[in-house]
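Below is run.pdb, holding PDB, C-alpha atoms and all ligand atoms.
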```pdb
ATOM      1  CA  MET U  10     260.256  74.823 116.773
ATOM      2  CA  SER U  11     259.879  77.068 113.754
ATOM      3  CA  LEU U  12     261.282  74.867 110.963
ATOM      4  CA  PRO U  13     259.063  75.727 107.949
ATOM      5  CA  LYS U  14     256.511  72.968 107.581
ATOM      6  CA  ALA U  15     253.117  72.031 106.188
ATOM      7  CA  GLU U  16     250.417  70.649 108.439
ATOM      8  CA  LEU U  17     248.426  67.911 106.716
ATOM      9  CA  HIS U  18     246.398  66.399 109.548
ATOM     10  CA  LEU U  19     244.458  68.980 111.503
ATOM     11  CA  HIS U  20     240.792  68.943 112.493
ATOM     12  CA  ILE U  21     239.663  72.551 112.772
ATOM     13  CA  GLU U  22     237.108  71.592 115.435
ATOM     14  CA  GLY U  23     240.010  70.115 117.398
ATOM     15  CA  THR U  24     241.636  73.541 117.674
ATOM     16  CA  LEU U  25     238.868  74.842 119.947
ATOM     17  CA  GLU U  26     240.763  75.967 123.049
ATOM     18  CA  PRO U  27     238.842  76.092 126.356
ATOM     19  CA  GLU U  28     239.048  79.897 126.505
ATOM     20  CA  LEU U  29     237.493  80.300 123.072
ATOM     21  CA  ALA U  30     234.887  77.637 123.871
ATOM     22  CA  PHE U  31     233.686  79.673 126.860
ATOM     23  CA  GLU U  32     233.825  82.927 124.895
ATOM     24  CA  LEU U  33     231.675  81.459 122.116
ATOM     25  CA  ALA U  34     229.327  79.836 124.645
ATOM     26  CA  ALA U  35     228.700  83.257 126.219
ATOM     27  CA  ARG U  36     228.285  84.921 122.814
ATOM     28  CA  ASN U  37     225.745  82.327 121.702
ATOM     29  CA  GLY U  38     223.870  81.756 124.976
ATOM     30  CA  VAL U  39     225.027  78.135 125.167
ATOM     31  CA  THR U  40     225.548  76.572 128.603
ATOM     32  CA  LEU U  41     228.501  74.195 128.892
ATOM     33  CA  PRO U  42     228.429  71.473 131.571
ATOM     34  CA  TYR U  43     231.738  72.744 133.010
ATOM     35  CA  ALA U  44     232.136  75.589 135.520
ATOM     36  CA  ASP U  45     235.235  77.095 133.928
ATOM     37  CA  THR U  46     238.233  76.422 131.698
ATOM     38  CA  ASP U  47     240.102  74.606 134.500
ATOM     39  CA  GLU U  48     237.225  72.208 135.030
ATOM     40  CA  LEU U  49     236.977  71.662 131.272
ATOM     41  CA  ARG U  50     240.710  70.931 131.023
ATOM     42  CA  GLU U  51     240.228  68.333 133.762
ATOM     43  CA  ALA U  52     238.039  66.411 131.320
ATOM     44  CA  TYR U  53     240.950  66.079 128.867
ATOM     45  CA  ARG U  54     241.966  62.656 130.151
ATOM     46  CA  PHE U  55     241.129  60.199 127.446
ATOM     47  CA  GLU U  56     240.966  56.413 127.517
ATOM     48  CA  ASP U  57     240.793  55.950 123.776
ATOM     49  CA  LEU U  58     239.531  57.585 120.590
ATOM     50  CA  GLN U  59     235.838  57.333 121.540
ATOM     51  CA  SER U  60     236.255  59.013 124.934
ATOM     52  CA  PHE U  61     237.935  61.936 123.160
ATOM     53  CA  LEU U  62     235.296  62.079 120.421
ATOM     54  CA  ASN U  63     232.534  62.351 123.034
ATOM     55  CA  LEU U  64     234.018  65.599 124.364
ATOM     56  CA  TYR U  65     235.026  66.839 120.897
ATOM     57  CA  TYR U  66     231.411  66.588 119.662
ATOM     58  CA  GLU U  67     229.967  67.964 122.911
ATOM     59  CA  LEU U  68     232.027  71.168 122.753
ATOM     60  CA  MET U  69     231.022  71.870 119.158
ATOM     61  CA  ALA U  70     227.676  73.102 120.522
ATOM     62  CA  VAL U  71     229.303  76.521 120.970
ATOM     63  CA  LEU U  72     229.945  76.874 117.212
ATOM     64  CA  ARG U  73     226.822  78.491 115.739
ATOM     65  CA  THR U  74     227.592  81.302 113.284
ATOM     66  CA  GLU U  75     229.903  82.068 110.373
ATOM     67  CA  ARG U  76     231.784  84.389 112.691
ATOM     68  CA  ASP U  77     232.386  81.532 115.157
ATOM     69  CA  PHE U  78     233.998  79.396 112.457
ATOM     70  CA  GLU U  79     235.993  82.391 111.243
ATOM     71  CA  ASP U  80     237.278  83.121 114.764
ATOM     72  CA  LEU U  81     238.116  79.438 115.304
ATOM     73  CA  ALA U  82     240.135  79.229 112.086
ATOM     74  CA  ASN U  83     241.916  82.539 112.638
ATOM     75  CA  ALA U  84     242.973  81.472 116.119
ATOM     76  CA  TYR U  85     244.413  78.237 114.707
ATOM     77  CA  LEU U  86     246.191  79.951 111.804
ATOM     78  CA  ALA U  87     247.847  82.471 114.132
ATOM     79  CA  ARG U  88     249.118  79.713 116.438
ATOM     80  CA  ALA U  89     250.232  77.527 113.536
ATOM     81  CA  ALA U  90     252.110  80.414 111.894
ATOM     82  CA  ALA U  91     253.927  81.114 115.172
ATOM     83  CA  GLN U  92     255.202  77.504 115.081
ATOM     84  CA  GLY U  93     256.507  77.621 111.517
ATOM     85  CA  VAL U  94     253.489  76.255 109.650
ATOM     86  CA  ARG U  95     253.527  77.765 106.143
ATOM     87  CA  HIS U  96     250.749  75.649 104.679
ATOM     88  CA  ALA U  97     247.786  73.915 106.323
ATOM     89  CA  GLU U  98     245.395  71.334 104.877
ATOM     90  CA  ILE U  99     242.460  71.615 107.207
ATOM     91  CA  PHE U 100     239.820  68.961 107.924
ATOM     92  CA  PHE U 101     236.287  69.886 108.865
ATOM     93  CA  ASP U 102     233.357  67.672 109.893
ATOM     94  CA  PRO U 103     230.199  69.090 108.284
ATOM     95  CA  GLN U 104     227.924  66.348 109.640
ATOM     96  CA  ALA U 105     228.867  67.293 113.211
ATOM     97  CA  HIS U 106     227.292  70.681 112.500
ATOM     98  CA  THR U 107     224.446  69.903 110.103
ATOM     99  CA  SER U 108     223.182  67.316 112.611
ATOM    100  CA  ARG U 109     222.802  70.247 115.044
ATOM    101  CA  GLY U 110     220.734  72.232 112.557
ATOM    102  CA  LEU U 111     223.480  74.355 110.993
ATOM    103  CA  ASP U 112     223.701  74.808 107.251
ATOM    104  CA  ILE U 113     226.878  73.486 105.638
ATOM    105  CA  GLY U 114     227.202  76.929 104.041
ATOM    106  CA  THR U 115     227.587  78.545 107.475
ATOM    107  CA  VAL U 116     230.532  76.252 108.155
ATOM    108  CA  VAL U 117     232.282  76.599 104.800
ATOM    109  CA  GLU U 118     231.724  80.345 104.403
ATOM    110  CA  GLY U 119     232.759  80.996 107.999
ATOM    111  CA  LEU U 120     235.961  78.989 107.637
ATOM    112  CA  TRP U 121     236.605  80.632 104.286
ATOM    113  CA  ARG U 122     236.472  84.101 105.813
ATOM    114  CA  ALA U 123     239.666  83.135 107.631
ATOM    115  CA  LEU U 124     241.217  80.805 105.037
ATOM    116  CA  GLY U 125     240.646  83.119 102.099
ATOM    117  CA  SER U 126     242.807  85.822 103.681
ATOM    118  CA  SER U 127     245.226  83.524 105.503
ATOM    119  CA  GLU U 128     248.191  84.029 103.179
ATOM    120  CA  ALA U 129     247.905  87.802 103.612
ATOM    121  CA  ASN U 130     247.087  87.743 107.334
ATOM    122  CA  HIS U 131     249.163  84.833 108.624
ATOM    123  CA  GLY U 132     251.552  83.865 105.820
ATOM    124  CA  VAL U 133     249.914  80.427 105.720
ATOM    125  CA  SER U 134     248.449  78.967 102.516
ATOM    126  CA  THR U 135     245.516  76.639 103.063
ATOM    127  CA  ARG U 136     243.376  73.870 101.628
ATOM    128  CA  LEU U 137     240.058  72.607 102.978
ATOM    129  CA  ILE U 138     239.254  68.880 103.249
ATOM    130  CA  LEU U 139     235.700  67.755 103.949
ATOM    131  CA  CYS U 140     235.605  64.696 106.206
ATOM    132  CA  PHE U 141     232.808  62.170 106.370
ATOM    133  CA  LEU U 142     232.030  60.738 109.801
ATOM    134  CA  ARG U 143     232.599  56.999 109.417
ATOM    135  CA  ASP U 144     230.264  56.147 112.312
ATOM    136  CA  GLU U 145     227.419  57.748 110.338
ATOM    137  CA  SER U 146     225.811  55.968 107.386
ATOM    138  CA  ALA U 147     227.063  55.815 103.808
ATOM    139  CA  GLU U 148     223.814  57.556 102.786
ATOM    140  CA  SER U 149     224.569  60.445 105.122
ATOM    141  CA  ALA U 150     228.035  60.789 103.556
ATOM    142  CA  LEU U 151     226.468  60.888 100.078
ATOM    143  CA  SER U 152     223.977  63.575 101.055
ATOM    144  CA  THR U 153     226.805  65.552 102.705
ATOM    145  CA  LEU U 154     228.793  65.477  99.461
ATOM    146  CA  ASP U 155     225.664  66.594  97.646
ATOM    147  CA  ALA U 156     225.131  69.492 100.069
ATOM    148  CA  ALA U 157     228.760  70.544  99.562
ATOM    149  CA  LYS U 158     228.387  70.868  95.784
ATOM    150  CA  PRO U 159     227.795  74.658  95.801
ATOM    151  CA  TYR U 160     231.102  75.059  97.697
ATOM    152  CA  LEU U 161     233.414  72.800  95.723
ATOM    153  CA  ASP U 162     235.533  75.758  94.587
ATOM    154  CA  ARG U 163     236.596  76.005  98.232
ATOM    155  CA  ILE U 164     237.080  72.307  98.934
ATOM    156  CA  THR U 165     240.167  70.434  97.730
ATOM    157  CA  GLY U 166     239.440  66.958  98.941
ATOM    158  CA  VAL U 167     237.547  64.523 101.107
ATOM    159  CA  GLY U 168     238.608  62.560 104.168
ATOM    160  CA  LEU U 169     237.173  60.004 106.569
ATOM    161  CA  ASP U 170     237.326  60.350 110.338
ATOM    162  CA  SER U 171     235.642  59.629 113.700
ATOM    163  CA  ALA U 172     235.269  56.179 115.321
ATOM    164  CA  GLU U 173     237.305  53.779 113.193
ATOM    165  CA  VAL U 174     236.846  50.221 114.463
ATOM    166  CA  GLY U 175     233.777  48.564 112.934
ATOM    167  CA  HIS U 176     233.561  51.182 110.180
ATOM    168  CA  PRO U 177     235.921  49.920 107.464
ATOM    169  CA  PRO U 178     236.761  52.051 104.441
ATOM    170  CA  VAL U 179     234.701  49.837 102.099
ATOM    171  CA  LYS U 180     231.542  51.276 103.682
ATOM    172  CA  PHE U 181     232.357  54.526 101.830
ATOM    173  CA  ARG U 182     233.260  53.141  98.419
ATOM    174  CA  GLU U 183     230.415  54.896  96.618
ATOM    175  CA  VAL U 184     230.939  58.379  98.079
ATOM    176  CA  TYR U 185     234.686  58.216  97.379
ATOM    177  CA  GLU U 186     233.978  57.223  93.782
ATOM    178  CA  ALA U 187     231.631  60.193  93.475
ATOM    179  CA  ALA U 188     234.190  62.520  95.096
ATOM    180  CA  GLY U 189     236.896  61.318  92.711
ATOM    181  CA  ALA U 190     234.588  61.916  89.745
ATOM    182  CA  LEU U 191     234.104  65.493  90.986
ATOM    183  CA  GLY U 192     237.869  66.015  90.904
ATOM    184  CA  LEU U 193     238.317  65.955  94.668
ATOM    185  CA  ARG U 194     241.535  64.616  96.225
ATOM    186  CA  ARG U 195     241.074  61.670  98.588
ATOM    187  CA  VAL U 196     242.559  60.874 101.997
ATOM    188  CA  ALA U 197     241.247  58.782 104.902
ATOM    189  CA  HIS U 198     242.070  58.012 108.508
ATOM    190  CA  ALA U 199     243.159  54.367 108.667
ATOM    191  CA  GLY U 200     245.220  52.299 111.053
ATOM    192  CA  GLU U 201     244.847  54.635 114.032
ATOM    193  CA  GLU U 202     242.828  52.220 116.194
ATOM    194  CA  GLY U 203     241.767  50.078 113.257
ATOM    195  CA  PRO U 204     243.785  47.148 111.836
ATOM    196  CA  PRO U 205     246.350  47.298 108.995
ATOM    197  CA  GLU U 206     243.707  45.840 106.656
ATOM    198  CA  TYR U 207     241.860  49.173 106.824
ATOM    199  CA  ILE U 208     244.952  50.884 105.393
ATOM    200  CA  THR U 209     245.070  48.454 102.467
ATOM    201  CA  GLU U 210     241.351  48.934 101.908
ATOM    202  CA  ALA U 211     241.641  52.741 101.979
ATOM    203  CA  LEU U 212     244.267  52.501  99.225
ATOM    204  CA  ASP U 213     242.576  49.825  97.107
ATOM    205  CA  VAL U 214     238.905  50.643  97.543
ATOM    206  CA  LEU U 215     238.834  54.391  98.270
ATOM    207  CA  GLY U 216     241.819  55.358  96.126
ATOM    208  CA  VAL U 217     243.394  57.562  98.786
ATOM    209  CA  GLU U 218     246.627  59.426  98.051
ATOM    210  CA  ARG U 219     247.629  59.795 101.697
ATOM    211  CA  VAL U 220     246.810  57.808 104.809
ATOM    212  CA  ASP U 221     245.945  59.730 107.963
ATOM    213  CA  HIS U 222     247.748  58.110 110.911
ATOM    214  CA  GLY U 223     248.486  54.756 109.261
ATOM    215  CA  LEU U 224     250.355  53.903 112.440
ATOM    216  CA  ARG U 225     249.336  50.259 112.581
ATOM    217  CA  CYS U 226     250.974  49.512 109.223
ATOM    218  CA  VAL U 227     253.993  48.512 111.326
ATOM    219  CA  GLU U 228     252.165  45.272 112.191
ATOM    220  CA  ASP U 229     252.232  44.136 108.545
ATOM    221  CA  PRO U 230     255.672  43.979 106.870
ATOM    222  CA  ALA U 231     254.189  43.424 103.402
ATOM    223  CA  LEU U 232     252.068  46.545 103.796
ATOM    224  CA  VAL U 233     255.088  48.560 104.955
ATOM    225  CA  GLU U 234     256.942  47.371 101.865
ATOM    226  CA  ARG U 235     254.095  48.540  99.655
ATOM    227  CA  LEU U 236     253.821  51.946 101.367
ATOM    228  CA  VAL U 237     257.577  52.455 101.002
ATOM    229  CA  ARG U 238     257.606  51.380  97.361
ATOM    230  CA  ASP U 239     254.662  53.601  96.417
ATOM    231  CA  ARG U 240     255.841  56.492  98.625
ATOM    232  CA  VAL U 241     252.416  56.748 100.254
ATOM    233  CA  PRO U 242     252.531  59.612 102.752
ATOM    234  CA  LEU U 243     251.434  58.909 106.326
ATOM    235  CA  THR U 244     250.227  61.841 108.417
ATOM    236  CA  LEU U 245     251.364  60.829 111.894
ATOM    237  CA  CYS U 246     250.253  62.655 115.037
ATOM    238  CA  PRO U 247     252.573  61.650 117.898
ATOM    239  CA  LEU U 248     251.029  63.633 120.767
ATOM    240  CA  SER U 249     247.564  62.470 119.689
ATOM    241  CA  ASN U 250     248.737  58.854 119.819
ATOM    242  CA  VAL U 251     249.961  59.340 123.389
ATOM    243  CA  ARG U 252     246.783  61.082 124.590
ATOM    244  CA  LEU U 253     244.492  58.502 122.957
ATOM    245  CA  ARG U 254     246.685  55.652 124.222
ATOM    246  CA  THR U 255     247.481  54.304 120.780
ATOM    247  CA  VAL U 256     251.054  54.152 122.066
ATOM    248  CA  ASP U 257     251.976  53.695 125.745
ATOM    249  CA  THR U 258     254.380  56.614 125.924
ATOM    250  CA  LEU U 259     255.976  58.936 123.405
ATOM    251  CA  ALA U 260     259.260  57.057 123.886
ATOM    252  CA  ASP U 261     257.506  53.965 122.483
ATOM    253  CA  HIS U 262     256.362  55.729 119.311
ATOM    254  CA  PRO U 263     257.438  53.833 116.186
ATOM    255  CA  LEU U 264     258.264  57.020 114.219
ATOM    256  CA  PRO U 265     262.058  56.464 114.206
ATOM    257  CA  ALA U 266     261.656  52.859 113.042
ATOM    258  CA  MET U 267     259.134  53.964 110.429
ATOM    259  CA  LEU U 268     261.597  56.529 109.048
ATOM    260  CA  ASP U 269     264.375  53.932 109.094
ATOM    261  CA  ALA U 270     262.107  51.596 107.130
ATOM    262  CA  GLY U 271     261.815  54.276 104.441
ATOM    263  CA  LEU U 272     258.202  55.262 105.040
ATOM    264  CA  MET U 273     257.185  58.756 103.951
ATOM    265  CA  CYS U 274     256.181  60.104 107.364
ATOM    266  CA  THR U 275     254.913  63.536 108.297
ATOM    267  CA  VAL U 276     254.320  64.946 111.792
ATOM    268  CA  ASN U 277     251.084  66.755 112.572
ATOM    269  CA  SER U 278     248.926  67.870 115.487
ATOM    270  CA  ASP U 279     245.472  66.288 114.822
ATOM    271  CA  ASP U 280     243.439  68.074 117.555
ATOM    272  CA  PRO U 281     245.977  70.403 119.156
ATOM    273  CA  ALA U 282     243.643  71.996 121.713
ATOM    274  CA  TYR U 283     242.977  68.552 123.185
ATOM    275  CA  PHE U 284     246.284  66.727 122.783
ATOM    276  CA  GLY U 285     248.782  69.152 124.245
ATOM    277  CA  GLY U 286     250.316  70.869 121.283
ATOM    278  CA  TYR U 287     250.398  72.366 117.823
ATOM    279  CA  ALA U 288     252.602  71.253 114.921
ATOM    280  CA  GLY U 289     255.812  72.750 116.287
ATOM    281  CA  ASP U 290     255.116  71.229 119.697
ATOM    282  CA  ASN U 291     254.824  67.809 118.043
ATOM    283  CA  PHE U 292     258.177  68.354 116.291
ATOM    284  CA  ASP U 293     259.747  69.478 119.583
ATOM    285  CA  ALA U 294     258.375  66.434 121.397
ATOM    286  CA  VAL U 295     259.674  63.884 118.898
ATOM    287  CA  ARG U 296     263.043  65.610 118.770
ATOM    288  CA  ALA U 297     263.393  65.667 122.549
ATOM    289  CA  THR U 298     261.982  62.216 123.326
ATOM    290  CA  LEU U 299     262.787  60.136 120.258
ATOM    291  CA  GLY U 300     266.210  61.642 119.634
ATOM    292  CA  LEU U 301     265.629  62.367 115.966
ATOM    293  CA  THR U 302     268.605  63.933 114.214
ATOM    294  CA  GLU U 303     268.397  67.349 112.561
ATOM    295  CA  GLU U 304     268.516  65.535 109.232
ATOM    296  CA  ARG U 305     265.466  63.443 110.160
ATOM    297  CA  LEU U 306     263.589  66.569 111.281
ATOM    298  CA  ARG U 307     264.378  68.270 107.981
ATOM    299  CA  GLU U 308     263.205  65.127 106.168
ATOM    300  CA  LEU U 309     259.881  65.320 108.050
ATOM    301  CA  ALA U 310     259.478  68.979 107.111
ATOM    302  CA  ARG U 311     260.389  68.294 103.471
ATOM    303  CA  ASN U 312     257.958  65.351 103.367
ATOM    304  CA  SER U 313     255.169  67.622 104.601
ATOM    305  CA  PHE U 314     255.492  69.846 101.536
ATOM    306  CA  LEU U 315     256.011  66.948  99.112
ATOM    307  CA  ALA U 316     252.909  65.174 100.457
ATOM    308  CA  SER U 317     250.778  68.333 100.343
ATOM    309  CA  PHE U 318     248.233  69.205  97.687
ATOM    310  CA  LEU U 319     250.171  72.358  96.762
ATOM    311  CA  GLU U 320     251.108  72.826  93.118
ATOM    312  CA  ASP U 321     254.880  72.654  92.476
ATOM    313  CA  ASP U 322     255.332  76.427  92.199
ATOM    314  CA  GLU U 323     253.281  77.097  95.346
ATOM    315  CA  GLU U 324     255.248  74.434  97.164
ATOM    316  CA  LEU U 325     258.556  76.084  96.382
ATOM    317  CA  ARG U 326     257.255  79.437  97.593
ATOM    318  CA  ALA U 327     255.928  77.919 100.811
ATOM    319  CA  ARG U 328     259.211  76.167 101.622
TER     320      ARG U 328
HETATM  321  C1  LIG U 401     240.037  62.528 115.298
HETATM  322 CL1  LIG U 401     242.325  61.722 116.478
HETATM  323  C2  LIG U 401     240.936  61.484 115.486
HETATM  324  N1  LIG U 401     240.700  60.297 114.947
HETATM  325  C3  LIG U 401     239.593  60.105 114.237
HETATM  326  N2  LIG U 401     238.696  61.068 114.015
HETATM  327  C4  LIG U 401     238.918  62.267 114.535
HETATM  328  N3  LIG U 401     238.205  63.413 114.492
HETATM  329  C5  LIG U 401     238.854  64.335 115.191
HETATM  330  N4  LIG U 401     239.975  63.812 115.696
HETATM  331 ZN    ZN U 402     242.684  62.944 112.833
END
```
Would you mind writing the structure in this file as structure tokens?
Amino acid sequence: MSLPKAELHLHIEGTLEPELAFELAARNGVTLPYADTDELREAYRFEDLQSFLNLYYELMAVLRTERDFEDLANAYLARAAAQGVRHAEIFFDPQAHTSRGLDIGTVVEGLWRALGSSEANHGVSTRLILCFLRDESAESALSTLDAAKPYLDRITGVGLDSAEVGHPPVKFREVYEAAGALGLRRVAHAGEEGPPEYITEALDVLGVERVDHGLRCVEDPALVERLVRDRVPLTLCPLSNVRLRTVDTLADHPLPAMLDAGLMCTVNSDDPAYFGGYAGDNFDAVRATLGLTEERLRELARNSFLASFLEDDEELRAR
């Protein structure tokens, strides 16, 4: 569906389609443990978040040069634009690359080659959000923020992703304080697999402005009340939730009830190459399966711009 929308929850590494993965593997002399794209797609049957993350990190081995990151981002932006995305706030995971010996500059400059010309080339404005891997140490997050300092003109905010359970937001208090002091916006994944308490902690301890996923807030009525009152945006990813078995089926997704409760929901694709669809596909799926009215769909699209980090004048142009 091509309703104009902003995408606020998108991991650029999660847009690596099998075809591009094999193309980059050949270009860089990397051998993948899959015979072909069909065999790779066979591996896209996930039990939970961790089983997905294992493949997600494994495939990143094909990303080596600035040009690889540029090609990855351009491929995403073209597909997003075709589905009505006018603005994209894009997560990247520097530690997943620096741990393989890449320089953070290769990642940021490569992505920027695509993002810097995205409005002209794709009609999509962009922001870049640096995510810390929560299953790595707090010290590693601090040194990642330090390494990013030469590139802060290209980075709008920080986020927190990867394996959630056992890695509560409080672990990253110090790096979020430092990021805030540098003028960076703050978001974090919370309440995807982790408990509602992680959502509260992300708000109170990390000072986040948006919660990525936030799905499990529905288990805590007092938390829902707070999120409604404070109009805290939640970046939901319905197809991701199905593929990672956070919900049993799409028909069981609490999105309609969350909207009825007054929560400020947005619909996003998370890792579209792995979860069966881009932003428009997620909108199509919730419309078809959850029976959302046109008015609800327009509300979701409007929320995506309101919850974005666009300035007011940019927001009006994008909508
Ligand atoms: C992710 Cl779906 C999801 N959750 C947490 N971390 C992630 N990194 C990439 N996709
Ligand atoms: Zn995510």
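Straight-line separation from atom CA of U:Ala129 to atom CA of U:Leu315: 22.8 Å.
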Given a cut-off of 7 Å, what residues near ligand LIG 401 (chain U) show up using all atoms listed in the file, put as a list in words?
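If we count all atoms listed in the file, the neighbours of ligand LIG 401 (chain U) turn out to be His20, Gly23, Leu58, Leu62, Asp170, Ser171, Ala172, Glu173, His198, Ser249, Asp279 and Asp280 of chain U.
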Axis-aligned box over every listed atom of stretch 53-56 of chain U, padded by 4 Å per side: centre and edges in Å to one decimal, as lines of an AutoDock Vina configuration file?
```
center_x = 241.5
center_y = 61.2
center_z = 128.8
size_x = 9.0
size_y = 17.7
size_z = 10.7
```
Restrict the calculation to all atoms listed in the file, then for each residue of chain U with any atom at most 12 Å from an atom of ligand ZN 402 (chain U) give the closest atom pair and their distance in Å to one decimal, rows by chain and rising residue number, as CSV.
```
residue,atom,partner,partner_atom,distance
U:Glu16,CA,U:ZN402,ZN,11.8
U:Leu17,CA,U:ZN402,ZN,9.7
U:His18,CA,U:ZN402,ZN,6.0
U:Leu19,CA,U:ZN402,ZN,6.4
U:His20,CA,U:ZN402,ZN,6.3
U:Ile21,CA,U:ZN402,ZN,10.1
U:Glu22,CA,U:ZN402,ZN,10.6
U:Gly23,CA,U:ZN402,ZN,8.9
U:Thr24,CA,U:ZN402,ZN,11.7
U:Leu58,CA,U:ZN402,ZN,9.9
U:Phe61,CA,U:ZN402,ZN,11.4
U:Leu62,CA,U:ZN402,ZN,10.6
U:Tyr65,CA,U:ZN402,ZN,11.8
U:Glu98,CA,U:ZN402,ZN,11.9
U:Ile99,CA,U:ZN402,ZN,10.3
U:Phe100,CA,U:ZN402,ZN,8.3
U:Phe101,CA,U:ZN402,ZN,10.2
U:Asp102,CA,U:ZN402,ZN,10.9
U:Ile138,CA,U:ZN402,ZN,11.8
U:Cys140,CA,U:ZN402,ZN,9.9
U:Phe141,CA,U:ZN402,ZN,11.8
U:Leu142,CA,U:ZN402,ZN,11.3
U:Gly168,CA,U:ZN402,ZN,9.6
U:Leu169,CA,U:ZN402,ZN,8.8
U:Asp170,CA,U:ZN402,ZN,6.5
U:Ser171,CA,U:ZN402,ZN,7.8
U:Ala172,CA,U:ZN402,ZN,10.3
U:Glu173,CA,U:ZN402,ZN,10.6
U:Val196,CA,U:ZN402,ZN,11.0
U:Ala197,CA,U:ZN402,ZN,9.1
U:His198,CA,U:ZN402,ZN,6.6
U:Ala199,CA,U:ZN402,ZN,9.5
U:Gly200,CA,U:ZN402,ZN,11.1
U:Glu201,CA,U:ZN402,ZN,8.7
U:Glu202,CA,U:ZN402,ZN,11.2
U:Val220,CA,U:ZN402,ZN,10.4
U:Asp221,CA,U:ZN402,ZN,6.7
U:His222,CA,U:ZN402,ZN,7.3
U:Gly223,CA,U:ZN402,ZN,10.7
U:Leu224,CA,U:ZN402,ZN,11.9
U:Leu243,CA,U:ZN402,ZN,11.6
U:Thr244,CA,U:ZN402,ZN,8.8
U:Leu245,CA,U:ZN402,ZN,9.0
U:Cys246,CA,U:ZN402,ZN,7.9
U:Pro247,CA,U:ZN402,ZN,11.2
U:Leu248,CA,U:ZN402,ZN,11.5
U:Ser249,CA,U:ZN402,ZN,8.4
U:Asn250,CA,U:ZN402,ZN,10.1
U:Leu253,CA,U:ZN402,ZN,11.2
U:Val276,CA,U:ZN402,ZN,11.9
U:Asn277,CA,U:ZN402,ZN,9.2
U:Ser278,CA,U:ZN402,ZN,8.4
U:Asp279,CA,U:ZN402,ZN,4.8
U:Asp280,CA,U:ZN402,ZN,7.0
U:Pro281,CA,U:ZN402,ZN,10.3
U:Tyr283,CA,U:ZN402,ZN,11.8
U:Phe284,CA,U:ZN402,ZN,11.2
```
Filtering to C-alpha atoms, could you give me those residues as a tab-separated table (two decimals), keeping the file's coordinate frame?
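Final output, saved to part10.tsv:
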```tsv
chain	number	residue	atom	x	y	z
U	16	GLU	CA	250.42	70.65	108.44
U	17	LEU	CA	248.43	67.91	106.72
U	18	HIS	CA	246.40	66.40	109.55
U	19	LEU	CA	244.46	68.98	111.50
U	20	HIS	CA	240.79	68.94	112.49
U	21	ILE	CA	239.66	72.55	112.77
U	22	GLU	CA	237.11	71.59	115.44
U	23	GLY	CA	240.01	70.11	117.40
U	24	THR	CA	241.64	73.54	117.67
U	58	LEU	CA	239.53	57.58	120.59
U	61	PHE	CA	237.94	61.94	123.16
U	62	LEU	CA	235.30	62.08	120.42
U	65	TYR	CA	235.03	66.84	120.90
U	98	GLU	CA	245.40	71.33	104.88
U	99	ILE	CA	242.46	71.61	107.21
U	100	PHE	CA	239.82	68.96	107.92
U	101	PHE	CA	236.29	69.89	108.86
U	102	ASP	CA	233.36	67.67	109.89
U	138	ILE	CA	239.25	68.88	103.25
U	140	CYS	CA	235.60	64.70	106.21
U	141	PHE	CA	232.81	62.17	106.37
U	142	LEU	CA	232.03	60.74	109.80
U	168	GLY	CA	238.61	62.56	104.17
U	169	LEU	CA	237.17	60.00	106.57
U	170	ASP	CA	237.33	60.35	110.34
U	171	SER	CA	235.64	59.63	113.70
U	172	ALA	CA	235.27	56.18	115.32
U	173	GLU	CA	237.30	53.78	113.19
U	196	VAL	CA	242.56	60.87	102.00
U	197	ALA	CA	241.25	58.78	104.90
U	198	HIS	CA	242.07	58.01	108.51
U	199	ALA	CA	243.16	54.37	108.67
U	200	GLY	CA	245.22	52.30	111.05
U	201	GLU	CA	244.85	54.64	114.03
U	202	GLU	CA	242.83	52.22	116.19
U	220	VAL	CA	246.81	57.81	104.81
U	221	ASP	CA	245.94	59.73	107.96
U	222	HIS	CA	247.75	58.11	110.91
U	223	GLY	CA	248.49	54.76	109.26
U	224	LEU	CA	250.36	53.90	112.44
U	243	LEU	CA	251.43	58.91	106.33
U	244	THR	CA	250.23	61.84	108.42
U	245	LEU	CA	251.36	60.83	111.89
U	246	CYS	CA	250.25	62.66	115.04
U	247	PRO	CA	252.57	61.65	117.90
U	248	LEU	CA	251.03	63.63	120.77
U	249	SER	CA	247.56	62.47	119.69
U	250	ASN	CA	248.74	58.85	119.82
U	253	LEU	CA	244.49	58.50	122.96
U	276	VAL	CA	254.32	64.95	111.79
U	277	ASN	CA	251.08	66.76	112.57
U	278	SER	CA	248.93	67.87	115.49
U	279	ASP	CA	245.47	66.29	114.82
U	280	ASP	CA	243.44	68.07	117.56
U	281	PRO	CA	245.98	70.40	119.16
U	283	TYR	CA	242.98	68.55	123.18
U	284	PHE	CA	246.28	66.73	122.78
```
Between atom CA of U:Ala231 and atom CA of U:Leu299, what distance in Å does the model show, to one decimal?
25.2 Å
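Nearest-residue note for U:His96: choosing from U:Glu75, U:Glu145, U:Glu218, U:Glu128, the minimum distance belongs to U:Glu128, counting all atoms listed in the file.
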Output the residue selection produced by the PyMOL selection byres (((chain U and resi 80-91) around 9) and not hetatm) on the file above, formatted as JSON, numbers by chain.
{"U": [11, 16, 21, 22, 24, 25, 26, 29, 72, 75, 76, 77, 78, 79, 92, 93, 94, 95, 96, 97, 119, 120, 121, 122, 123, 124, 127, 130, 131, 132, 133, 287, 288, 289]}
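Among the candidate residues U:Phe31, U:Phe292, U:Phe181, U:Tyr207, the one lying nearest to U:Arg50 is U:Phe31, with distances computed using only C-alpha atoms.
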Could you list, as a ChimeraX atom specification, every residue within 8 Å of U:His106, counting all atoms listed in the file and ignoring same-chain residues fewer than 6 positions away?
/U:69,112-113,116
